[in-house]
Amino acid sequence: MSTEEKKEKKESEGLGIALGLLLSATIFIYFPELAGWSSLWKTIFNVLSIVLLAISVGGAGIELEKLIKNEGWSDLGIGLLFFIPAIAAFFWIENNQTVNGTSEVIVEAIVLLFIVIFAFAVGMAVPKLLMIERKKTERPKKQKAKIFGSIIIGGLSLTLLILQIVNQILQMTAGKK
């Protein structure tokens, strides 16, 4: 196997892993409901699906960075990896009546730190993503297909991630009433 074939195979594996995580997260979202499991198991699998989706978005961003040669995608993926636990911790604090005082301040400080890291990563990513290449090069069809696949997988992962977070927020607020 030539070096070029090995490189191509490695690029395809990364995209395959991102797609596998996306599909696994989708199964984790719907299976507990279909199986009729208790709300505790549904919550555990929903959190697990959010983590898998975040990793899938990050992985698709890293694969896009490799193909497009733009670091903005991996910066955005890394930012999302910090944002997801921050949101989860925030809603855990809001819905957990036993957490108060010093422990609440510590968790809120960690949430703030993670959100600052997310904001910094997004701030780093946006200019890189919007940067127009001065030197346009024609990409081979094979590479265009991989780029398109990475964008689709990343977009689907991000969309499903946002919907899952909104669903969790709605469930938590409905449970408080």
# chains A, B, ... in the order shown; residues from 1 in each chain; ligands from 1

call {"tool": "residues_around", "arguments": {"residues": "stretch 61-63 of chain A", "least_positions_apart": "6", "cutoff": "7 Å", "atoms": "only C-alpha atoms", "output": "number ranges by chain"}}
result
A: 14-15, 73-74, 77, 150, 154

call {"tool": "residues_around", "arguments": {"residues": "A:Val116", "least_positions_apart": "6", "cutoff": "12 Å", "atoms": "only C-alpha atoms", "output": "list of chain:residue names"}}
result
A:Gly79, A:Leu80, A:Phe82, A:Phe83, A:Ala86, A:Ala109, A:Ile110, A:Val122, A:Gly123

call {"tool": "write_last_selection", "arguments": {"atoms": "C-alpha atoms", "output": "PDB file, in the first residue's frame"}}
result
ATOM      1  CA  GLY A  79     -14.987  24.779  22.020  1.00  0.00           C
ATOM      2  CA  LEU A  80     -18.067  22.559  21.837  1.00  0.00           C
ATOM      3  CA  PHE A  82     -16.063  22.456  26.743  1.00  0.00           C
ATOM      4  CA  PHE A  83     -19.524  23.946  26.206  1.00  0.00           C
ATOM      5  CA  ALA A  86     -20.708  23.465  31.142  1.00  0.00           C
ATOM      6  CA  ALA A 109     -16.897  28.846  38.766  1.00  0.00           C
ATOM      7  CA  ILE A 110     -16.011  25.724  36.751  1.00  0.00           C
ATOM      8  CA  VAL A 122     -15.298  30.230  19.018  1.00  0.00           C
ATOM      9  CA  GLY A 123     -13.530  33.587  18.877  1.00  0.00           C
TER      10      GLY A 123
END

call {"tool": "residues_around", "arguments": {"residues": "stretch 104-108 of chain A", "least_positions_apart": "5", "cutoff": "9 Å", "atoms": "only C-alpha atoms", "output": "list in words"}}
result
Ala86, Ala89, Phe90, Ile93, Val99 and Leu113 of chain A

call {"tool": "write_last_selection", "arguments": {"atoms": "N, CA and C atoms", "output": "PDB file, in the first residue's frame"}}
result
ATOM      1  N   ALA A  86     -20.328  22.239  30.430  1.00  0.00           N
ATOM      2  CA  ALA A  86     -20.708  23.465  31.142  1.00  0.00           C
ATOM      3  C   ALA A  86     -22.224  23.578  31.226  1.00  0.00           C
ATOM      4  N   ALA A  89     -23.590  20.860  33.619  1.00  0.00           N
ATOM      5  CA  ALA A  89     -23.346  21.213  35.031  1.00  0.00           C
ATOM      6  C   ALA A  89     -24.261  22.347  35.478  1.00  0.00           C
ATOM      7  N   PHE A  90     -24.483  23.315  34.600  1.00  0.00           N
ATOM      8  CA  PHE A  90     -25.358  24.436  34.941  1.00  0.00           C
ATOM      9  C   PHE A  90     -26.768  23.948  35.258  1.00  0.00           C
ATOM     10  N   ILE A  93     -26.974  22.007  38.556  1.00  0.00           N
ATOM     11  CA  ILE A  93     -27.013  22.909  39.715  1.00  0.00           C
ATOM     12  C   ILE A  93     -28.411  23.518  39.863  1.00  0.00           C
ATOM     13  N   VAL A  99     -27.587  20.966  46.435  1.00  0.00           N
ATOM     14  CA  VAL A  99     -26.311  21.654  46.218  1.00  0.00           C
ATOM     15  C   VAL A  99     -26.499  23.123  46.569  1.00  0.00           C
ATOM     16  N   LEU A 113     -15.620  29.001  33.813  1.00  0.00           N
ATOM     17  CA  LEU A 113     -14.340  28.739  33.158  1.00  0.00           C
ATOM     18  C   LEU A 113     -14.545  28.000  31.825  1.00  0.00           C
TER      19      LEU A 113
END

call {"tool": "residues_around", "arguments": {"residues": "A:Ile153", "least_positions_apart": "3", "cutoff": "7 Å", "atoms": "only C-alpha atoms", "output": "compact mmCIF listing (two decimals) with C-alpha atoms, in the first residue's frame"}}
result
# COMPACT_ATOMS: atom_id res chain seq x y z
CA LEU A 19 -20.48 9.03 11.54
CA ALA A 60 -16.02 16.03 12.01
CA GLY A 149 -19.39 14.25 3.80
CA SER A 150 -17.60 15.88 6.73
CA LEU A 156 -26.23 16.57 11.43
CA SER A 157 -24.32 15.98 14.66

call {"tool": "residues_around", "arguments": {"residues": "A:Asn70", "least_positions_apart": "5", "cutoff": "10 Å", "atoms": "only C-alpha atoms", "output": "list in words"}}
result
Gly61, Ile62, Leu64, Glu65, Asp75, Ala125, Lys128, Leu129, Leu130, Met131 and Glu133 of chain A

call {"tool": "residues_around", "arguments": {"residues": "A:Thr159", "least_positions_apart": "2", "cutoff": "12 Å", "atoms": "only C-alpha atoms", "output": "PyMOL selection string"}}
result
chain A and resi 22+26+50+53-54+56-57+151-157+161-166

call {"tool": "residues_around", "arguments": {"residues": "stretch 43-46 of chain A", "least_positions_apart": "3", "cutoff": "6 Å", "atoms": "only C-alpha atoms", "output": "list of chain:residue names"}}
result
A:Phe28, A:Ile29, A:Leu40, A:Ser49

call {"tool": "write_last_selection", "arguments": {"atoms": "N, CA and C atoms", "output": "short mmCIF file (atom, residue, chain, number, x, y, z; two decimals), in the first residue's frame"}}
result
data_model
loop_
_atom_site.label_atom_id
_atom_site.label_comp_id
_atom_site.auth_asym_id
_atom_site.auth_seq_id
_atom_site.Cartn_x
_atom_site.Cartn_y
_atom_site.Cartn_z
N PHE A 28 -28.92 5.92 21.14
CA PHE A 28 -29.02 6.17 22.57
C PHE A 28 -30.15 7.13 22.91
N ILE A 29 -30.49 8.02 22.01
CA ILE A 29 -31.57 8.97 22.25
C ILE A 29 -32.92 8.25 22.28
N LEU A 40 -34.66 7.53 34.99
CA LEU A 40 -33.24 7.59 35.32
C LEU A 40 -32.39 7.09 34.16
N SER A 49 -25.74 10.43 25.00
CA SER A 49 -25.92 10.82 23.59
C SER A 49 -25.41 12.23 23.34
#

call {"tool": "atom_distance", "arguments": {"atom1": "atom CA of A:Gly72", "atom2": "atom CA of A:Ile115"}}
result
17.9 Å
